[in-house]
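Source file: upload-v7.cif; contents: mmCIF, C-alpha atoms.
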```cif
data_my_file
#
loop_
_atom_site.label_atom_id
_atom_site.label_comp_id
_atom_site.auth_asym_id
_atom_site.auth_seq_id
_atom_site.Cartn_x
_atom_site.Cartn_y
_atom_site.Cartn_z
CA MET A 1 -71.13 -31.05 175.76
CA ARG A 2 -72.04 -34.04 177.95
CA LEU A 3 -75.69 -33.24 177.31
CA ALA A 4 -75.05 -33.00 173.56
CA ALA A 5 -73.26 -36.34 173.57
CA ALA A 6 -76.08 -37.93 175.56
CA LEU A 7 -78.64 -36.65 173.06
CA PHE A 8 -76.60 -37.98 170.13
CA PHE A 9 -76.38 -41.44 171.66
CA PHE A 10 -80.07 -41.34 172.61
CA PHE A 11 -81.12 -40.73 169.02
CA LEU A 12 -78.58 -43.32 167.90
CA GLY A 13 -80.31 -45.83 170.14
CA LEU A 14 -83.64 -44.91 168.62
CA ALA A 15 -82.17 -45.43 165.17
CA HIS A 16 -81.00 -48.95 166.06
CA THR A 17 -84.46 -49.70 167.49
CA ALA A 18 -86.12 -48.46 164.28
CA GLU A 19 -83.92 -50.80 162.21
CA ALA A 20 -85.79 -53.75 163.70
CA GLY A 21 -88.40 -53.33 160.97
CA THR A 22 -90.87 -50.84 159.52
CA ARG A 23 -94.32 -51.68 158.25
CA ILE A 24 -94.78 -51.36 154.50
CA LYS A 25 -97.81 -49.11 154.90
CA ASP A 26 -95.67 -46.62 156.86
CA ILE A 27 -93.19 -46.09 154.02
CA THR A 28 -95.40 -46.44 150.92
CA ASP A 29 -98.58 -45.04 149.41
CA LEU A 30 -101.00 -46.81 147.11
CA LYS A 31 -101.08 -45.19 143.68
CA GLY A 32 -104.39 -43.47 143.02
CA ILE A 33 -105.22 -43.01 146.71
CA ARG A 34 -104.46 -39.42 147.62
CA VAL A 35 -105.80 -36.35 149.39
CA ASN A 36 -107.18 -33.37 147.49
CA GLN A 37 -106.37 -29.79 148.47
CA LEU A 38 -109.24 -27.34 148.90
CA VAL A 39 -109.28 -23.56 149.29
CA GLY A 40 -111.88 -20.88 149.96
CA TYR A 41 -112.31 -17.24 150.90
CA GLY A 42 -114.43 -16.24 153.88
CA LEU A 43 -115.04 -13.94 156.83
CA VAL A 44 -114.34 -14.41 160.52
CA VAL A 45 -116.72 -12.41 162.71
CA GLY A 46 -117.10 -11.78 166.42
CA LEU A 47 -113.59 -10.44 167.00
CA ASN A 48 -113.04 -8.09 169.92
CA GLY A 49 -111.63 -5.15 167.99
CA THR A 50 -108.74 -7.18 166.54
CA GLY A 51 -110.08 -7.59 163.00
CA ASP A 52 -109.26 -5.80 159.75
CA THR A 53 -109.28 -2.02 159.43
CA LEU A 54 -111.97 -1.67 156.78
CA ARG A 55 -110.50 1.55 155.45
CA ASN A 56 -107.14 -0.20 154.82
CA SER A 57 -108.68 -3.52 153.69
CA PRO A 58 -111.21 -2.69 150.96
CA PHE A 59 -111.77 -6.39 150.13
CA THR A 60 -113.02 -6.95 153.68
CA GLN A 61 -115.46 -4.05 153.42
CA GLN A 62 -116.73 -5.28 150.05
CA SER A 63 -117.17 -8.79 151.45
CA VAL A 64 -119.16 -7.47 154.42
CA GLN A 65 -121.41 -5.47 152.11
CA ALA A 66 -121.95 -8.47 149.81
CA MET A 67 -122.78 -10.72 152.79
CA LEU A 68 -125.31 -8.23 154.12
CA ASP A 69 -126.84 -7.84 150.63
CA ARG A 70 -127.49 -11.59 150.48
CA MET A 71 -129.24 -11.33 153.85
CA GLY A 72 -131.46 -8.46 152.69
CA VAL A 73 -129.57 -5.64 154.44
CA ASN A 74 -128.54 -2.80 152.10
CA ILE A 75 -125.95 -0.34 153.39
CA ARG A 76 -124.50 0.75 150.06
CA GLY A 77 -124.52 4.49 149.50
CA SER A 78 -125.68 5.27 153.03
CA GLN A 79 -123.90 7.59 155.40
CA TYR A 80 -123.46 4.76 157.89
CA GLU A 81 -120.65 2.86 156.25
CA PRO A 82 -119.24 0.08 158.45
CA ARG A 83 -116.15 0.99 160.47
CA THR A 84 -116.12 -2.00 162.78
CA ARG A 85 -112.92 -3.98 163.49
CA ASN A 86 -114.80 -7.13 164.49
CA VAL A 87 -114.46 -8.76 161.05
CA ALA A 88 -111.42 -10.28 159.30
CA ALA A 89 -111.01 -11.62 155.77
CA VAL A 90 -109.41 -15.05 155.73
CA MET A 91 -108.28 -17.82 153.40
CA VAL A 92 -109.57 -21.25 154.37
CA THR A 93 -107.44 -24.25 153.35
CA ALA A 94 -107.93 -27.96 153.91
CA GLU A 95 -107.11 -31.41 152.58
CA LEU A 96 -110.04 -33.55 151.52
CA PRO A 97 -109.27 -37.11 152.75
CA PRO A 98 -109.46 -39.99 150.29
CA PHE A 99 -112.79 -41.85 150.19
CA ALA A 100 -114.53 -38.85 151.81
CA SER A 101 -118.29 -39.07 151.20
CA LYS A 102 -121.16 -36.66 151.70
CA GLY A 103 -121.70 -35.72 155.30
CA SER A 104 -118.23 -36.62 156.60
CA ARG A 105 -116.20 -33.98 158.42
CA PHE A 106 -112.56 -32.87 158.39
CA ASP A 107 -110.38 -30.07 159.82
CA VAL A 108 -109.70 -26.73 158.14
CA THR A 109 -107.05 -24.04 158.59
CA VAL A 110 -107.98 -20.35 158.70
CA SER A 111 -105.38 -17.65 157.87
CA SER A 112 -105.86 -13.88 157.88
CA ILE A 113 -105.08 -11.96 154.66
CA GLY A 114 -105.76 -8.43 155.96
CA ASP A 115 -104.31 -6.36 158.79
CA ALA A 116 -106.14 -8.18 161.59
CA LYS A 117 -104.22 -8.47 164.85
CA SER A 118 -105.77 -11.69 166.12
CA LEU A 119 -108.48 -14.22 165.25
CA ALA A 120 -109.05 -15.21 168.89
CA GLY A 121 -112.72 -15.55 169.75
CA GLY A 122 -113.87 -15.37 166.13
CA ALA A 123 -116.20 -17.62 164.18
CA LEU A 124 -115.96 -18.46 160.49
CA ILE A 125 -119.07 -17.76 158.41
CA MET A 126 -120.05 -20.56 156.02
CA THR A 127 -117.36 -20.72 153.33
CA PRO A 128 -117.45 -22.91 150.22
CA LEU A 129 -114.26 -24.89 149.60
CA ALA A 130 -113.28 -25.65 146.00
CA GLY A 131 -110.65 -27.90 144.44
CA ALA A 132 -108.25 -27.33 141.58
CA ASP A 133 -111.08 -28.08 139.14
CA GLN A 134 -113.08 -25.14 140.59
CA LYS A 135 -115.79 -27.51 141.86
CA ILE A 136 -117.12 -27.06 145.39
CA TYR A 137 -116.57 -30.18 147.49
CA ALA A 138 -117.19 -28.93 151.03
CA ALA A 139 -118.38 -26.03 153.18
CA ALA A 140 -116.63 -24.80 156.33
CA GLN A 141 -118.01 -22.99 159.37
CA GLY A 142 -117.35 -22.85 163.09
CA GLN A 143 -115.36 -21.46 166.00
CA VAL A 144 -111.70 -20.66 165.24
CA THR A 145 -109.13 -22.11 167.64
CA ILE A 146 -105.70 -20.48 167.74
CA SER A 147 -102.50 -21.42 169.58
CA GLY A 148 -101.07 -17.88 169.88
CA TYR A 149 -102.22 -14.77 171.69
CA LEU A 150 -101.80 -11.00 171.59
CA ALA A 151 -101.79 -8.79 174.69
CA LYS A 152 -100.97 -5.11 174.61
CA GLY A 153 -101.19 -1.96 176.65
CA ALA A 154 -100.41 1.69 176.13
CA ALA A 155 -96.64 1.26 175.94
CA GLU A 156 -95.95 -2.45 175.43
CA SER A 157 -97.39 -5.48 173.66
CA ILE A 158 -96.67 -9.23 173.83
CA THR A 159 -97.30 -11.68 171.00
CA SER A 160 -96.94 -15.44 171.37
CA GLY A 161 -97.23 -17.82 168.43
CA ILE A 162 -99.22 -16.71 165.41
CA PRO A 163 -102.63 -15.33 166.52
CA THR A 164 -103.67 -14.61 162.91
CA ARG A 165 -103.87 -18.31 161.98
CA GLY A 166 -106.02 -20.99 163.52
CA ARG A 167 -107.89 -24.25 162.96
CA ILE A 168 -111.46 -25.44 163.13
CA PRO A 169 -111.58 -29.11 164.19
CA ASP A 170 -114.18 -30.96 162.10
CA GLY A 171 -115.14 -27.56 160.72
CA ALA A 172 -115.88 -28.69 157.15
CA ILE A 173 -118.66 -30.93 155.86
CA VAL A 174 -118.28 -32.79 152.57
CA GLU A 175 -120.98 -31.78 150.09
CA GLN A 176 -119.68 -33.81 147.13
CA ASP A 177 -117.81 -37.10 147.03
CA ALA A 178 -114.06 -36.84 146.58
CA PRO A 179 -112.78 -37.48 143.04
CA GLY A 180 -111.31 -40.89 142.33
CA GLY A 181 -111.87 -43.94 144.44
CA PHE A 182 -110.90 -47.53 145.01
CA GLU A 183 -112.12 -50.21 142.64
CA GLU A 184 -111.70 -53.94 143.01
CA ASP A 185 -110.07 -54.41 139.61
CA MET A 186 -107.67 -51.46 139.79
CA PRO A 187 -103.92 -52.28 139.59
CA LEU A 188 -102.08 -52.31 142.91
CA GLU A 189 -98.92 -50.22 142.80
CA PHE A 190 -97.05 -49.19 145.96
CA LYS A 191 -95.16 -45.89 145.72
CA LEU A 192 -92.18 -45.40 148.06
CA ARG A 193 -92.15 -42.11 149.93
CA ASN A 194 -88.34 -42.16 149.87
CA PRO A 195 -87.39 -43.71 146.52
CA ASP A 196 -84.55 -46.22 146.74
CA PHE A 197 -83.72 -49.32 144.67
CA THR A 198 -82.59 -51.31 147.71
CA THR A 199 -85.78 -50.61 149.64
CA SER A 200 -87.89 -51.39 146.57
CA VAL A 201 -86.24 -54.78 146.13
CA ARG A 202 -86.56 -55.57 149.84
CA ILE A 203 -90.29 -54.81 149.73
CA MET A 204 -90.66 -57.10 146.72
CA ASP A 205 -88.80 -59.92 148.49
CA VAL A 206 -90.86 -59.58 151.68
CA ILE A 207 -94.17 -59.59 149.78
CA ASN A 208 -93.17 -62.57 147.62
CA ALA A 209 -92.01 -64.56 150.67
CA PHE A 210 -95.39 -63.93 152.29
CA ALA A 211 -97.31 -64.73 149.07
CA LYS A 212 -95.45 -68.02 148.45
CA ASP A 213 -96.30 -69.15 151.95
CA ARG A 214 -99.92 -67.95 151.76
CA TYR A 215 -100.89 -68.37 148.09
CA GLY A 216 -98.11 -70.55 146.71
CA MET A 217 -96.98 -67.99 144.12
CA PRO A 218 -95.02 -64.70 143.94
CA ILE A 219 -97.18 -61.63 143.33
CA ALA A 220 -94.79 -58.63 143.61
CA ARG A 221 -92.42 -57.09 141.10
CA SER A 222 -90.06 -54.16 141.66
CA LYS A 223 -90.76 -51.74 138.80
CA ASP A 224 -88.17 -49.07 139.65
CA GLN A 225 -86.73 -47.24 142.65
CA GLN A 226 -90.14 -45.83 143.58
CA SER A 227 -92.72 -48.44 142.54
CA VAL A 228 -93.55 -52.03 143.46
CA MET A 229 -96.29 -53.73 141.42
CA VAL A 230 -98.53 -56.32 143.12
CA ARG A 231 -100.75 -58.79 141.26
CA LYS A 232 -103.88 -59.78 143.13
CA PRO A 233 -104.32 -63.57 143.57
CA PRO A 234 -107.54 -65.14 142.25
CA ARG A 235 -110.62 -64.89 144.48
CA MET A 236 -108.87 -62.49 146.85
CA LEU A 237 -110.34 -59.18 147.97
CA SER A 238 -108.06 -56.21 147.32
CA SER A 239 -108.86 -54.66 150.70
CA ARG A 240 -107.79 -57.79 152.59
CA LEU A 241 -104.65 -58.18 150.47
CA LEU A 242 -103.66 -54.55 151.12
CA ALA A 243 -104.29 -54.94 154.84
CA GLU A 244 -102.07 -58.04 155.02
CA ILE A 245 -99.27 -56.52 152.93
CA GLY A 246 -99.35 -53.27 154.91
CA GLU A 247 -98.53 -55.12 158.14
CA LEU A 248 -95.42 -56.80 156.68
CA GLU A 249 -92.15 -55.39 158.03
CA VAL A 250 -89.10 -54.42 155.98
CA ASP A 251 -85.78 -52.73 156.74
CA PRO A 252 -85.73 -49.59 154.54
CA ASP A 253 -82.38 -48.43 153.27
CA GLN A 254 -81.43 -44.77 153.47
CA THR A 255 -79.02 -42.45 151.72
CA ALA A 256 -76.03 -41.25 153.70
CA ARG A 257 -77.02 -37.68 154.47
CA VAL A 258 -76.09 -34.91 156.91
CA VAL A 259 -78.70 -32.18 157.40
CA ILE A 260 -77.61 -28.84 158.88
CA ASP A 261 -79.79 -25.93 159.97
CA GLU A 262 -77.40 -23.01 160.49
CA ARG A 263 -80.12 -20.77 161.91
CA THR A 264 -80.84 -22.98 164.93
CA GLY A 265 -77.56 -24.92 165.05
CA THR A 266 -79.35 -28.23 164.49
CA ILE A 267 -77.34 -31.15 163.07
CA VAL A 268 -78.86 -34.49 162.01
CA ILE A 269 -76.42 -37.23 160.93
CA GLY A 270 -77.72 -40.38 159.25
CA SER A 271 -76.58 -43.79 160.46
CA GLU A 272 -74.98 -44.57 157.07
CA VAL A 273 -72.62 -41.57 157.14
CA ARG A 274 -68.91 -42.43 156.82
CA ILE A 275 -65.81 -40.24 156.82
CA SER A 276 -62.31 -40.96 155.62
CA THR A 277 -59.31 -40.46 157.90
CA VAL A 278 -58.74 -36.74 158.27
CA ALA A 279 -56.85 -34.40 160.62
CA VAL A 280 -58.94 -31.53 162.00
CA ALA A 281 -57.89 -28.37 163.85
CA HIS A 282 -60.48 -25.87 164.95
CA GLY A 283 -59.92 -22.54 166.69
CA ASN A 284 -62.16 -19.58 167.39
CA ILE A 285 -61.26 -15.95 166.72
CA THR A 286 -63.19 -13.34 168.70
CA VAL A 287 -63.14 -9.72 167.52
CA ARG A 288 -64.55 -7.11 169.90
CA VAL A 289 -65.16 -3.55 168.73
CA THR A 290 -65.97 -0.98 171.43
CA GLU A 291 -67.21 2.48 170.53
CA THR A 292 -66.87 5.20 173.25
CA PRO A 293 -67.98 8.59 171.90
CA ARG A 294 -66.35 11.58 173.63
CA VAL A 295 -67.60 15.14 173.68
CA SER A 296 -65.08 17.93 172.90
CA GLN A 297 -66.06 21.43 174.04
CA PRO A 298 -64.33 24.81 173.53
CA ALA A 299 -62.82 26.73 176.46
CA PRO A 300 -65.22 28.71 178.68
CA PHE A 301 -66.16 32.18 177.40
CA SER A 302 -64.43 31.41 174.11
CA ASN A 303 -65.78 33.10 171.02
CA ARG A 304 -64.32 30.45 168.75
CA GLY A 305 -64.82 26.73 168.42
CA GLU A 306 -67.87 24.50 168.76
CA THR A 307 -68.93 21.40 170.64
CA VAL A 308 -68.32 18.19 168.66
CA VAL A 309 -68.51 14.44 169.30
CA VAL A 310 -65.18 12.67 168.80
CA PRO A 311 -65.36 8.88 168.24
CA ASP A 312 -63.04 6.63 170.26
CA THR A 313 -62.81 3.09 168.89
CA GLN A 314 -61.04 0.14 170.54
CA VAL A 315 -60.56 -3.18 168.71
CA ASP A 316 -59.51 -6.34 170.59
CA VAL A 317 -58.72 -9.65 168.88
CA ASN A 318 -58.67 -12.91 170.84
CA GLU A 319 -57.83 -16.23 169.18
CA ALA A 320 -58.50 -19.41 171.14
CA GLY A 321 -56.10 -22.25 170.69
CA GLY A 322 -57.11 -25.32 168.71
CA ASN A 323 -55.72 -28.85 168.90
CA VAL A 324 -55.22 -31.14 165.92
CA GLN A 325 -57.41 -34.25 166.18
CA ILE A 326 -57.60 -37.34 164.00
CA ALA A 327 -61.18 -38.14 163.06
CA ARG A 328 -62.15 -41.39 161.39
CA GLY A 329 -65.79 -42.38 161.44
CA ALA A 330 -66.32 -46.01 160.55
CA ASN A 331 -69.85 -45.56 161.83
CA LEU A 332 -72.08 -42.92 163.36
CA ARG A 333 -71.00 -43.70 166.94
CA GLU A 334 -67.29 -43.18 166.19
CA LEU A 335 -67.98 -39.99 164.23
CA VAL A 336 -70.01 -38.49 167.09
CA THR A 337 -67.35 -39.54 169.61
CA ALA A 338 -64.61 -37.86 167.57
CA LEU A 339 -66.56 -34.61 167.24
CA ASN A 340 -67.47 -34.51 170.94
CA ARG A 341 -63.85 -35.27 171.96
CA MET A 342 -62.85 -31.97 170.35
CA GLY A 343 -65.20 -30.09 172.71
CA LEU A 344 -67.03 -28.25 169.94
CA LYS A 345 -70.24 -26.29 169.99
CA PRO A 346 -72.89 -26.86 167.26
CA LEU A 347 -71.60 -24.00 165.10
CA GLY A 348 -68.08 -25.43 165.27
CA ILE A 349 -69.34 -28.90 164.29
CA ILE A 350 -71.20 -27.35 161.33
CA ALA A 351 -68.03 -25.62 160.15
CA ILE A 352 -66.00 -28.83 160.43
CA LEU A 353 -68.60 -30.92 158.56
CA GLN A 354 -68.67 -28.38 155.73
CA ALA A 355 -64.86 -28.38 155.57
CA MET A 356 -64.81 -32.20 155.55
CA LYS A 357 -67.22 -32.21 152.61
CA THR A 358 -65.04 -29.74 150.72
CA ALA A 359 -61.96 -31.88 151.41
CA GLY A 360 -63.76 -35.00 150.14
CA ALA A 361 -63.54 -36.79 153.49
CA LEU A 362 -67.29 -36.75 154.25
CA GLN A 363 -68.84 -39.66 152.32
CA ALA A 364 -72.38 -38.39 152.49
CA GLU A 365 -74.75 -35.82 151.02
CA LEU A 366 -74.54 -32.51 152.90
CA VAL A 367 -77.85 -30.62 153.05
CA VAL A 368 -77.72 -27.06 154.42
CA GLN A 369 -81.07 -25.49 155.24
#
```

Starting from the file, lay out its structure as structure tokens.
Amino acid sequence: MRLAAALFFFFLGLAHTAEAGTRIKDITDLKGIRVNQLVGYGLVVGLNGTGDTLRNSPFTQQSVQAMLDRMGVNIRGSQYEPRTRNVAAVMVTAELPPFASKGSRFDVTVSSIGDAKSLAGGALIMTPLAGADQKIYAAAQGQVTISGYLAKGAAESITSGIPTRGRIPDGAIVEQDAPGGFEEDMPLEFKLRNPDFTTSVRIMDVINAFAKDRYGMPIARSKDQQSVMVRKPPRMLSSRLLAEIGELEVDPDQTARVVIDERTGTIVIGSEVRISTVAVAHGNITVRVTETPRVSQPAPFSNRGETVVVPDTQVDVNEAGGNVQIARGANLRELVTALNRMGLKPLGIIAILQAMKTAGALQAELVVQ
């Protein structure tokens, strides 16, 4: 529990450091400037017997035949149908960066869709990548790099990570310019990644304070909780204006929120979380069920009776004592101190936070993942 308390206070210290100011370009996006998702279907070859079973993956076999047909090799209808496991069918996904032009490169992700065991050592054959409009914007090819591995023997196997998914750094080349673009006369609208009226107004105030000092006039207007409109001053390049505004610092506001992951026991408590005065008692009940099967046999040389298994069940119940504690969190530090003073494990803290929310004492949004 000392380690847990130390971690809580460590992240609390980071939170106070972050409150010193955040750059506007780190919490907003410029409307109209976005990435474009691409997808394609291809083949990874050169696998060491860890690819798709062609008999169980007919799409892989058809793709191999079609690829060989394009290269002038016809194996259709012959008695030598491919049975190799050195090929795997994959889906190739990527995000086309904004302002990407012909010849520029970007990373792609390769994921198996058949029964391949691993993509280690494989190479992706040239695969066209299309957008939502069905137009081809890039082509991907190259050596697949994976973070997992598969090792197996006759009686045991070990798998680490996900060996059926990998990446190709700079594996795609842009063949057609990305849709959209940046024009000098386009309106400048900043979109908040975490919409909030307070943050939107603060961004407007910071930009206007900078503009009055630099240009002698306000140029920003808070449109709503997600958007801040900026009017470009006369004879000012949009790129320079965006660069200067992006470096301005603002203190973003945040919603009081507690995020709980019950699977891993992870708890994240926002700095704005408050709780009303509440009395908390927490105790653990442990139930142990022990099964001890016993064999009952008939007497020796007996002509009657049969051997049967008789179950023997023992149930033990142990309830640990729990003390009543008064918890009142005027801020995050006091809330964490109160929870740690009770000597709770993560699962116990999760149960108490959920009970506090039900009782109306937790003044925050509770998100359970």

Among the residues A:Val367, A:Leu96, A:Ala88, A:Val45, the one that comes closest to Ala138 (chain A) [using only C-alpha atoms]: A:Leu96

Picked residues, the PyMOL selection byres ((chain A and resi 56) around 12), expected as an MDAnalysis selection string: chainID A and resid 51:55 57:62 83 85 88 113:116

Take the residues just selected and output them with C-alpha atoms as a CSV table (one decimal), keeping the file's coordinate frame.
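Everything below was put into again.csv:
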```
chain,number,residue,atom,x,y,z
A,51,GLY,CA,-110.1,-7.6,163.0
A,52,ASP,CA,-109.3,-5.8,159.8
A,53,THR,CA,-109.3,-2.0,159.4
A,54,LEU,CA,-112.0,-1.7,156.8
A,55,ARG,CA,-110.5,1.6,155.4
A,57,SER,CA,-108.7,-3.5,153.7
A,58,PRO,CA,-111.2,-2.7,151.0
A,59,PHE,CA,-111.8,-6.4,150.1
A,60,THR,CA,-113.0,-7.0,153.7
A,61,GLN,CA,-115.5,-4.0,153.4
A,62,GLN,CA,-116.7,-5.3,150.0
A,83,ARG,CA,-116.2,1.0,160.5
A,85,ARG,CA,-112.9,-4.0,163.5
A,88,ALA,CA,-111.4,-10.3,159.3
A,113,ILE,CA,-105.1,-12.0,154.7
A,114,GLY,CA,-105.8,-8.4,156.0
A,115,ASP,CA,-104.3,-6.4,158.8
A,116,ALA,CA,-106.1,-8.2,161.6
```

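We find CA of Val228 (chain A) and CA of Phe182 (chain A) to be spaced 18.0 Å apart.
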
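From CA of Thr109 (chain A) back to CA of Glu175 (chain A), the distance works out to 18.1 Å.
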
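With all atoms listed in the file as the basis for measurement, A:Arg221 is the residue among A:Arg263, A:Arg76, A:Arg221, A:Arg274 that approaches Glu189 (chain A) most closely.
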
When you look at Lys25 (chain A) with a cut-off of 8 Å (counting only C-alpha atoms), what residues show up, excluding the ones that are within fewer than 2 positions of it in the same chain? I need them as a PyMOL selection string. chain A and resi 23+27-29+245-247

Would you mind exporting C-alpha atoms of the selected residues as a compact mmCIF listing (two decimals), in the frame of the given file?
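Below is the file out_10.txt, written as the result:
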```txt
# COMPACT_ATOMS: atom_id res chain seq x y z
CA ARG A 23 -94.32 -51.68 158.25
CA ILE A 27 -93.19 -46.09 154.02
CA THR A 28 -95.40 -46.44 150.92
CA ASP A 29 -98.58 -45.04 149.41
CA ILE A 245 -99.27 -56.52 152.93
CA GLY A 246 -99.35 -53.27 154.91
CA GLU A 247 -98.53 -55.12 158.14
```
